[in-house]
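S.K.: This is upload_1.pdb, which holds PDB, C-alpha atoms and all ligand atoms:
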ATOM      1  CA  MET M   1      18.485  30.784   3.520
ATOM      2  CA  THR M   2      18.702  27.206   2.260
ATOM      3  CA  TYR M   3      20.310  24.424   4.224
ATOM      4  CA  PHE M   4      22.443  21.682   2.772
ATOM      5  CA  ASP M   5      20.883  18.223   3.128
ATOM      6  CA  PHE M   6      23.820  15.844   3.075
ATOM      7  CA  HIS M   7      21.935  12.649   2.254
ATOM      8  CA  HIS M   8      18.382  12.435   1.022
ATOM      9  CA  HIS M   9      15.946  10.608  -1.261
ATOM     10  CA  HIS M  10      13.774  13.581  -2.259
ATOM     11  CA  ILE M  11      13.980  14.312  -5.988
ATOM     12  CA  ASN M  12      12.725  17.881  -5.438
ATOM     13  CA  THR M  13      15.454  18.846  -2.946
ATOM     14  CA  LYS M  14      18.243  20.469  -4.955
ATOM     15  CA  ASN M  15      20.447  21.760  -2.142
ATOM     16  CA  GLY M  16      21.878  18.520  -0.911
ATOM     17  CA  ILE M  17      23.046  15.134  -2.147
ATOM     18  CA  TYR M  18      20.216  13.180  -3.716
ATOM     19  CA  ASN M  19      20.634   9.418  -3.576
ATOM     20  CA  ILE M  20      19.855   7.976  -7.013
ATOM     21  CA  PRO M  21      17.933   4.686  -6.872
ATOM     22  CA  LEU M  22      19.601   1.618  -8.400
ATOM     23  CA  PHE M  23      19.645   1.914 -12.228
ATOM     24  CA  GLY M  24      18.239   5.460 -11.990
ATOM     25  CA  ASN M  25      19.329   8.293 -14.288
ATOM     26  CA  ALA M  26      21.720  11.093 -13.424
ATOM     27  CA  VAL M  27      20.164  14.421 -12.372
ATOM     28  CA  ASP M  28      21.433  17.980 -12.912
ATOM     29  CA  PHE M  29      22.062  18.685  -9.229
ATOM     30  CA  PRO M  30      24.335  16.958  -6.685
ATOM     31  CA  PHE M  31      23.751  13.244  -6.275
ATOM     32  CA  SER M  32      25.262  10.039  -4.976
ATOM     33  CA  ALA M  33      24.995   6.540  -6.439
ATOM     34  CA  GLY M  34      25.789   3.118  -5.078
ATOM     35  CA  LEU M  35      24.436  -0.307  -4.219
ATOM     36  CA  HIS M  36      22.600  -0.254  -0.927
ATOM     37  CA  PRO M  37      23.161  -3.635   0.815
ATOM     38  CA  LYS M  38      19.518  -4.477   0.094
ATOM     39  CA  ASP M  39      20.243  -4.028  -3.650
ATOM     40  CA  ILE M  40      22.926  -6.737  -3.697
ATOM     41  CA  SER M  41      21.908  -9.782  -5.711
ATOM     42  CA  SER M  42      23.564 -12.986  -6.920
ATOM     43  CA  ASN M  43      24.880 -11.168  -9.995
ATOM     44  CA  ASN M  44      25.850  -7.525  -9.596
ATOM     45  CA  ASP M  45      27.726  -7.061 -12.881
ATOM     46  CA  GLU M  46      25.020  -4.978 -14.484
ATOM     47  CA  ALA M  47      24.685  -2.856 -11.351
ATOM     48  CA  PHE M  48      28.411  -2.095 -11.385
ATOM     49  CA  LEU M  49      28.332  -1.210 -15.080
ATOM     50  CA  TRP M  50      25.595   1.296 -14.233
ATOM     51  CA  LEU M  51      27.543   2.536 -11.224
ATOM     52  CA  GLU M  52      30.837   2.982 -13.060
ATOM     53  CA  GLU M  53      29.081   5.051 -15.712
ATOM     54  CA  ILE M  54      26.889   7.247 -13.534
ATOM     55  CA  THR M  55      29.600   8.042 -10.992
ATOM     56  CA  LYS M  56      31.699   9.706 -13.706
ATOM     57  CA  ASN M  57      28.990  12.368 -14.030
ATOM     58  CA  ILE M  58      30.068  15.836 -12.894
ATOM     59  CA  ASN M  59      27.095  16.061 -10.498
ATOM     60  CA  CYS M  60      28.038  12.842  -8.739
ATOM     61  CA  PHE M  61      29.382  14.218  -5.451
ATOM     62  CA  ALA M  62      29.760  10.910  -3.631
ATOM     63  CA  ILE M  63      29.714   7.132  -3.962
ATOM     64  CA  GLY M  64      26.946   5.437  -1.943
ATOM     65  CA  GLU M  65      24.934   4.862  -0.040
ATOM     66  CA  CYS M  66      26.725   1.554   0.346
ATOM     67  CA  GLY M  67      28.037  -0.440   3.263
ATOM     68  CA  LEU M  68      27.142  -3.214   5.671
ATOM     69  CA  ASP M  69      23.747  -4.153   7.036
ATOM     70  CA  GLY M  70      23.228  -6.786   9.711
ATOM     71  CA  LEU M  71      19.519  -6.949   8.988
ATOM     72  CA  VAL M  72      19.572  -7.929   5.306
ATOM     73  CA  GLU M  73      19.758 -11.555   4.175
ATOM     74  CA  ILE M  74      22.953 -11.121   2.149
ATOM     75  CA  ASP M  75      26.008 -12.848   3.609
ATOM     76  CA  LEU M  76      28.308 -10.364   5.370
ATOM     77  CA  GLU M  77      31.388 -11.487   3.433
ATOM     78  CA  ILE M  78      29.589 -10.756   0.167
ATOM     79  CA  GLN M  79      28.522  -7.353   1.520
ATOM     80  CA  LYS M  80      32.149  -6.616   2.385
ATOM     81  CA  LYS M  81      33.312  -7.525  -1.133
ATOM     82  CA  ILE M  82      30.684  -5.239  -2.661
ATOM     83  CA  PHE M  83      31.588  -2.421  -0.277
ATOM     84  CA  GLN M  84      35.247  -2.832  -1.210
ATOM     85  CA  LYS M  85      34.356  -2.465  -4.892
ATOM     86  CA  HIS M  86      32.735   0.886  -4.065
ATOM     87  CA  ILE M  87      35.937   1.958  -2.339
ATOM     88  CA  VAL M  88      37.973   1.086  -5.446
ATOM     89  CA  ILE M  89      35.657   3.267  -7.560
ATOM     90  CA  ALA M  90      35.773   6.090  -5.002
ATOM     91  CA  ASN M  91      39.572   5.946  -4.881
ATOM     92  CA  SER M  92      39.913   6.126  -8.650
ATOM     93  CA  LEU M  93      37.394   8.993  -8.995
ATOM     94  CA  LYS M  94      38.593  10.725  -5.803
ATOM     95  CA  LYS M  95      35.065  10.991  -4.449
ATOM     96  CA  PRO M  96      33.889  10.548  -0.848
ATOM     97  CA  ILE M  97      31.769   7.598   0.252
ATOM     98  CA  ILE M  98      28.387   7.804   1.983
ATOM     99  CA  ILE M  99      28.088   4.756   4.188
ATOM    100  CA  HIS M 100      24.945   2.924   5.199
ATOM    101  CA  CYS M 101      25.527   0.724   8.237
ATOM    102  CA  VAL M 102      23.275  -1.304  10.493
ATOM    103  CA  ARG M 103      24.766  -3.212  13.445
ATOM    104  CA  LYS M 104      28.155  -3.694  11.743
ATOM    105  CA  HIS M 105      29.956  -0.462  12.629
ATOM    106  CA  TYR M 106      33.105  -2.110  13.956
ATOM    107  CA  ASP M 107      33.366  -4.178  10.761
ATOM    108  CA  LEU M 108      33.703  -0.928   8.827
ATOM    109  CA  ILE M 109      36.876   0.186  10.525
ATOM    110  CA  PRO M 110      39.353  -2.044   8.603
ATOM    111  CA  PHE M 111      38.133  -0.450   5.354
ATOM    112  CA  ARG M 112      39.599   2.877   6.464
ATOM    113  CA  LYS M 113      43.009   1.508   5.503
ATOM    114  CA  ILE M 114      42.103   0.961   1.855
ATOM    115  CA  ALA M 115      39.887   4.019   1.354
ATOM    116  CA  LYS M 116      41.778   7.076   0.141
ATOM    117  CA  THR M 117      38.803   9.447   0.268
ATOM    118  CA  PRO M 118      36.566  10.667   3.126
ATOM    119  CA  LEU M 119      34.145   8.135   4.619
ATOM    120  CA  ILE M 120      30.900   9.561   5.942
ATOM    121  CA  MET M 121      28.651   7.419   8.114
ATOM    122  CA  HIS M 122      25.135   8.556   7.269
ATOM    123  CA  GLY M 123      22.136   8.447   9.612
ATOM    124  CA  PHE M 124      24.331   7.963  12.641
ATOM    125  CA  ASN M 125      22.252   6.949  15.654
ATOM    126  CA  LYS M 126      24.511   4.771  17.793
ATOM    127  CA  ASN M 127      26.132   5.464  21.164
ATOM    128  CA  THR M 128      29.165   7.527  22.165
ATOM    129  CA  ALA M 129      31.538   4.533  22.131
ATOM    130  CA  VAL M 130      30.723   3.780  18.492
ATOM    131  CA  ALA M 131      30.913   7.478  17.581
ATOM    132  CA  ASP M 132      34.314   7.812  19.246
ATOM    133  CA  ALA M 133      35.650   4.662  17.566
ATOM    134  CA  LEU M 134      34.614   5.954  14.140
ATOM    135  CA  LEU M 135      35.847   9.512  14.728
ATOM    136  CA  LYS M 136      39.192   8.185  15.942
ATOM    137  CA  GLU M 137      39.541   6.405  12.598
ATOM    138  CA  ASP M 138      38.754   9.626  10.773
ATOM    139  CA  PHE M 139      35.209   8.793   9.693
ATOM    140  CA  LEU M 140      32.748  11.696   9.538
ATOM    141  CA  LEU M 141      29.194  11.364  10.858
ATOM    142  CA  SER M 142      25.954  12.611   9.341
ATOM    143  CA  PHE M 143      22.961  13.060  11.633
ATOM    144  CA  GLY M 144      19.273  12.950  10.805
ATOM    145  CA  LYS M 145      15.845  13.216  12.342
ATOM    146  CA  ALA M 146      16.720  11.069  15.382
ATOM    147  CA  VAL M 147      18.715  13.979  16.854
ATOM    148  CA  LEU M 148      15.493  15.942  17.313
ATOM    149  CA  HIS M 149      14.393  13.570  20.093
ATOM    150  CA  ASN M 150      17.257  11.291  21.108
ATOM    151  CA  VAL M 151      19.050  12.786  24.109
ATOM    152  CA  SER M 152      22.171  10.607  23.982
ATOM    153  CA  LEU M 153      22.563  11.437  20.299
ATOM    154  CA  GLN M 154      22.245  15.122  21.199
ATOM    155  CA  GLU M 155      25.165  14.671  23.573
ATOM    156  CA  ILE M 156      27.285  13.292  20.707
ATOM    157  CA  VAL M 157      26.283  16.201  18.466
ATOM    158  CA  LYS M 158      27.173  18.647  21.225
ATOM    159  CA  ASN M 159      30.710  17.330  21.512
ATOM    160  CA  ILE M 160      31.621  16.320  17.982
ATOM    161  CA  PRO M 161      34.453  18.378  16.419
ATOM    162  CA  LYS M 162      32.874  20.977  14.141
ATOM    163  CA  GLU M 163      34.631  19.740  11.020
ATOM    164  CA  LYS M 164      33.413  16.154  11.453
ATOM    165  CA  TYR M 165      29.691  16.212  10.794
ATOM    166  CA  PHE M 166      26.813  16.764   8.375
ATOM    167  CA  LEU M 167      23.016  16.954   8.630
ATOM    168  CA  GLU M 168      20.480  15.070   6.533
ATOM    169  CA  THR M 169      16.829  14.157   6.089
ATOM    170  CA  ASP M 170      17.472  10.733   4.476
ATOM    171  CA  ASP M 171      14.022   9.370   3.527
ATOM    172  CA  ALA M 172      12.170  11.213   6.295
ATOM    173  CA  ASP M 173       9.703  13.931   5.463
ATOM    174  CA  PHE M 174      10.576  16.990   7.563
ATOM    175  CA  ASP M 175      12.181  20.385   7.045
ATOM    176  CA  ILE M 176      15.985  20.208   7.352
ATOM    177  CA  GLU M 177      15.881  23.728   8.786
ATOM    178  CA  ASN M 178      14.388  22.256  11.984
ATOM    179  CA  LEU M 179      17.423  20.035  12.343
ATOM    180  CA  TYR M 180      19.829  22.954  11.797
ATOM    181  CA  GLU M 181      17.951  24.928  14.447
ATOM    182  CA  LYS M 182      18.159  22.028  16.881
ATOM    183  CA  ILE M 183      21.913  21.649  16.309
ATOM    184  CA  ALA M 184      22.433  25.392  16.806
ATOM    185  CA  GLU M 185      20.601  25.139  20.117
ATOM    186  CA  ILE M 186      22.509  22.018  21.263
ATOM    187  CA  ARG M 187      25.921  23.442  20.331
ATOM    188  CA  SER M 188      25.120  26.986  21.482
ATOM    189  CA  GLU M 189      26.146  28.320  18.094
ATOM    190  CA  SER M 190      24.304  30.544  15.652
ATOM    191  CA  LEU M 191      22.361  29.065  12.773
ATOM    192  CA  LYS M 192      24.713  30.910  10.440
ATOM    193  CA  THR M 193      27.784  29.371  12.087
ATOM    194  CA  ILE M 194      26.330  25.864  11.674
ATOM    195  CA  LYS M 195      25.374  26.506   8.058
ATOM    196  CA  ASN M 196      28.816  27.929   7.182
ATOM    197  CA  GLN M 197      30.591  25.074   8.917
ATOM    198  CA  ILE M 198      28.584  22.413   7.063
ATOM    199  CA  ASN M 199      29.399  24.165   3.773
ATOM    200  CA  LYS M 200      33.070  24.158   4.743
ATOM    201  CA  ASN M 201      32.900  20.468   5.639
ATOM    202  CA  LEU M 202      31.357  19.770   2.262
ATOM    203  CA  GLU M 203      34.066  21.743   0.507
ATOM    204  CA  PHE M 204      36.649  19.718   2.408
ATOM    205  CA  ILE M 205      35.302  16.273   1.510
ATOM    206  CA  ILE M 206      34.823  17.245  -2.142
ATOM    207  CA  ASN M 207      38.053  19.134  -2.776
ATOM    208  CA  GLY M 208      40.286  18.071   0.123
TER     209      GLY M 208
HETATM  210 ZN    ZN R 301      19.304   6.844   2.653
END
Can the structure from this file be put into structure tokens for me?
M.R.:
Amino acid sequence: MTYFDFHHHHINTKNGIYNIPLFGNAVDFPFSAGLHPKDISSNNDEAFLWLEEITKNINCFAIGECGLDGLVEIDLEIQKKIFQKHIVIANSLKKPIIIHCVRKHYDLIPFRKIAKTPLIMHGFNKNTAVADALLKEDFLLSFGKAVLHNVSLQEIVKNIPKEKYFLETDDADFDIENLYEKIAEIRSESLKTIKNQINKNLEFIING
């Protein structure tokens, strides 16, 4: 049994969404492409030419990771403009967006109004209040390695509606199966139920 890894940076993982590095080439399995906030520079024209081309590829499942990061040097208003450009691309291609966010979760919420496709907050590791605020606005959450040890995060995972989440390894080196097993235990559901639900959630964000 293989388990879908919603967001990852491992070129050898085929069952998941591989995040292509900036200016990287398309691959023949599902991928996402975007400008991580740390990739923003003073001139992003070339990056957007690359992005507009690569995102048309049939294996491009999602736009991103992109978003807002309170820890990078780039001015927040510039980050917002760049994020908005990703939303325009996602809207025109009808593809979901994988969001990277550090310390700016509430700043994301206004973007819900302009985005016409699903917004998935990857690597979610904030508290219940932030989770609830995002879920209320119809964001989905993707959980990673932190769930294995973080008890308050486990509480969020226990209560999240089944159609609202994904699981991922991101850049961490561990077996995604361990995360699926942990989620099955936390939610008192079978591994098969979790796996089927994640596949359904994927189907929903890709095809509506
Ligand atoms: Zn990542």
S.K.: Each residue of chain M with at least one atom at most 7 Å from ligand ZN 301 (chain R) should appear once, together with its nearest atom pair and the corresponding distance in Å (one decimal); atoms considered: only C-alpha atoms and all ligand atoms; ordering: chain, then increasing residue number; output as a Markdown table.
M.R.:
| residue | atom | partner | partner_atom | distance |
| --- | --- | --- | --- | --- |
| M:His7 | CA | R:ZN301 | ZN | 6.4 |
| M:His8 | CA | R:ZN301 | ZN | 5.9 |
| M:His9 | CA | R:ZN301 | ZN | 6.4 |
| M:Asn19 | CA | R:ZN301 | ZN | 6.9 |
| M:Glu65 | CA | R:ZN301 | ZN | 6.5 |
| M:Asp170 | CA | R:ZN301 | ZN | 4.7 |
| M:Asp171 | CA | R:ZN301 | ZN | 5.9 |
S.K.: Go through the shown structure with the PyMOL selection byres (((chain M and resi 109) around 12) and not hetatm) and write out the matching residues as a list in words.
M.R.: Gly67, Leu68, Lys80, Ile99, Cys101, Lys104, His105, Tyr106, Asp107, Leu108, Pro110, Phe111, Arg112, Lys113, Ile114, Ala115, Leu119, Met121, Val130, Ala131, Asp132, Ala133, Leu134, Leu135, Lys136, Glu137, Asp138 and Phe139 of chain M
S.K.: Quick one: residues within 9 Å of M:Ala90, all atoms listed in the file counted, chain neighbours fewer than 5 positions away excluded, as a list in words?
M.R.: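 Selected residues are Thr55, Ala62, Ile63, Lys85, Lys95, Pro96, Ile97, Ala115, Lys116 and Thr117 of chain M.
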S.K.: For the file shown, report as a PyMOL selection string the outcome of the PyMOL selection byres (((chain M and resi 179-191) around 9) and not hetatm) at residue level.
M.R.: chain M and resi 3+143-145+147-148+154-155+157-159+167-169+174-178+192-196
S.K.: Need to verify the contact set: stretch 40-42 of chain M, 8 Å, all atoms listed in the file, exclusion of same-chain residues closer than 4 positions in sequence. Can you return it as a PyMOL selection string?
M.R.: chain M and resi 35-36+74+79+82
S.K.: Restricting the output to C-alpha atoms, write the selected residues as a JSON list (two decimals), keeping the file's coordinate frame.
M.R.:
[["chain", "number", "residue", "atom", "x", "y", "z"],
["M", 35, "LEU", "CA", 24.44, -0.31, -4.22],
["M", 36, "HIS", "CA", 22.60, -0.25, -0.93],
["M", 74, "ILE", "CA", 22.95, -11.12, 2.15],
["M", 79, "GLN", "CA", 28.52, -7.35, 1.52],
["M", 82, "ILE", "CA", 30.68, -5.24, -2.66]]
S.K.: Tell me, in Å to one decimal, how far atom CA of M:Gly70 is from atom CA of M:Lys164.
M.R.: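 Separation between atom CA of M:Gly70 and atom CA of M:Lys164: 25.2 Å.
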S.K.: For M:Val27, please output as a list in words all residues within 9 Å (counting only C-alpha atoms; exclusion window: fewer than 4 positions along the same chain).
M.R.: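 Once the nearby chain positions are removed, what remains is Ile11, Tyr18, Ile20, Phe31, Asn59 and Cys60 of chain M.
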S.K.: Compare M:Ala172, M:Ile156, M:Ile198, M:Ile206 by their minimum atom-to-atom distance to M:Ile58, counting all atoms listed in the file, and give me the closest one.
M.R.: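 When distances to M:Ile58 are compared using all atoms listed in the file, the smallest one comes from M:Ile206.
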S.K.: M:Lys56, M:Asn125, M:Asn25, M:Phe6: which is nearest M:Lys94, counting all atoms listed in the file?
M.R.: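 Using all atoms listed in the file, M:Lys94 sits closest to M:Lys56.
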S.K.: Could the centre and edge lengths of an axis-aligned box, enclosing all atoms of stretch 62-65 of chain M in the file with 5 Å extra on each side, be given in Å to one decimal as lines of an AutoDock Vina configuration file?
M.R.:
center_x = 27.3
center_y = 7.9
center_z = -2.0
size_x = 14.8
size_y = 16.0
size_z = 13.9
S.K.: Work out how far apart atom CA of M:Ile120 and atom CA of M:Asp75 are and give it in Å to one decimal.
M.R.: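 Going from atom CA of M:Ile120 over to atom CA of M:Asp75, I get 23.1 Å.
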S.K.: Given the choices M:Val72, M:Val88, M:Leu141, M:Leu51, which gets closest to M:Tyr165 if the distance is worked out from all atoms listed in the file?
M.R.: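 Nearest candidate to M:Tyr165 out of M:Val72, M:Val88, M:Leu141, M:Leu51: M:Leu141.
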S.K.: Rounded to one decimal, what separation in Å do you get between atom CA of M:Gly208 and atom CA of M:Trp50?
M.R.: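 Spanning atom CA of M:Gly208 to atom CA of M:Trp50 is a straight-line distance of 26.5 Å.
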S.K.: Please enumerate the residues selected by the PyMOL selection byres (((chain M and resi 22) around 8) and not hetatm) when evaluated against the supplied file, formatted as JSON, numbers by chain.
M.R.: {"M": [20, 21, 23, 24, 33, 34, 35, 39, 47]}
S.K.: Taking all atoms listed in the file into account, which of M:Leu140, M:Val102, M:Thr2, M:Glu52 comes nearest M:Phe204?
M.R.: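 Going through M:Leu140, M:Val102, M:Thr2, M:Glu52 one by one, the smallest distance to M:Phe204 is for M:Leu140.
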S.K.: For a cut-off of 7 Å around (21.3, 17.8, -3.6), file coordinates, pick out all residues using all atoms listed in the file and list them as a PyMOL selection string.
M.R.: chain M and resi 5+13-18+29-31
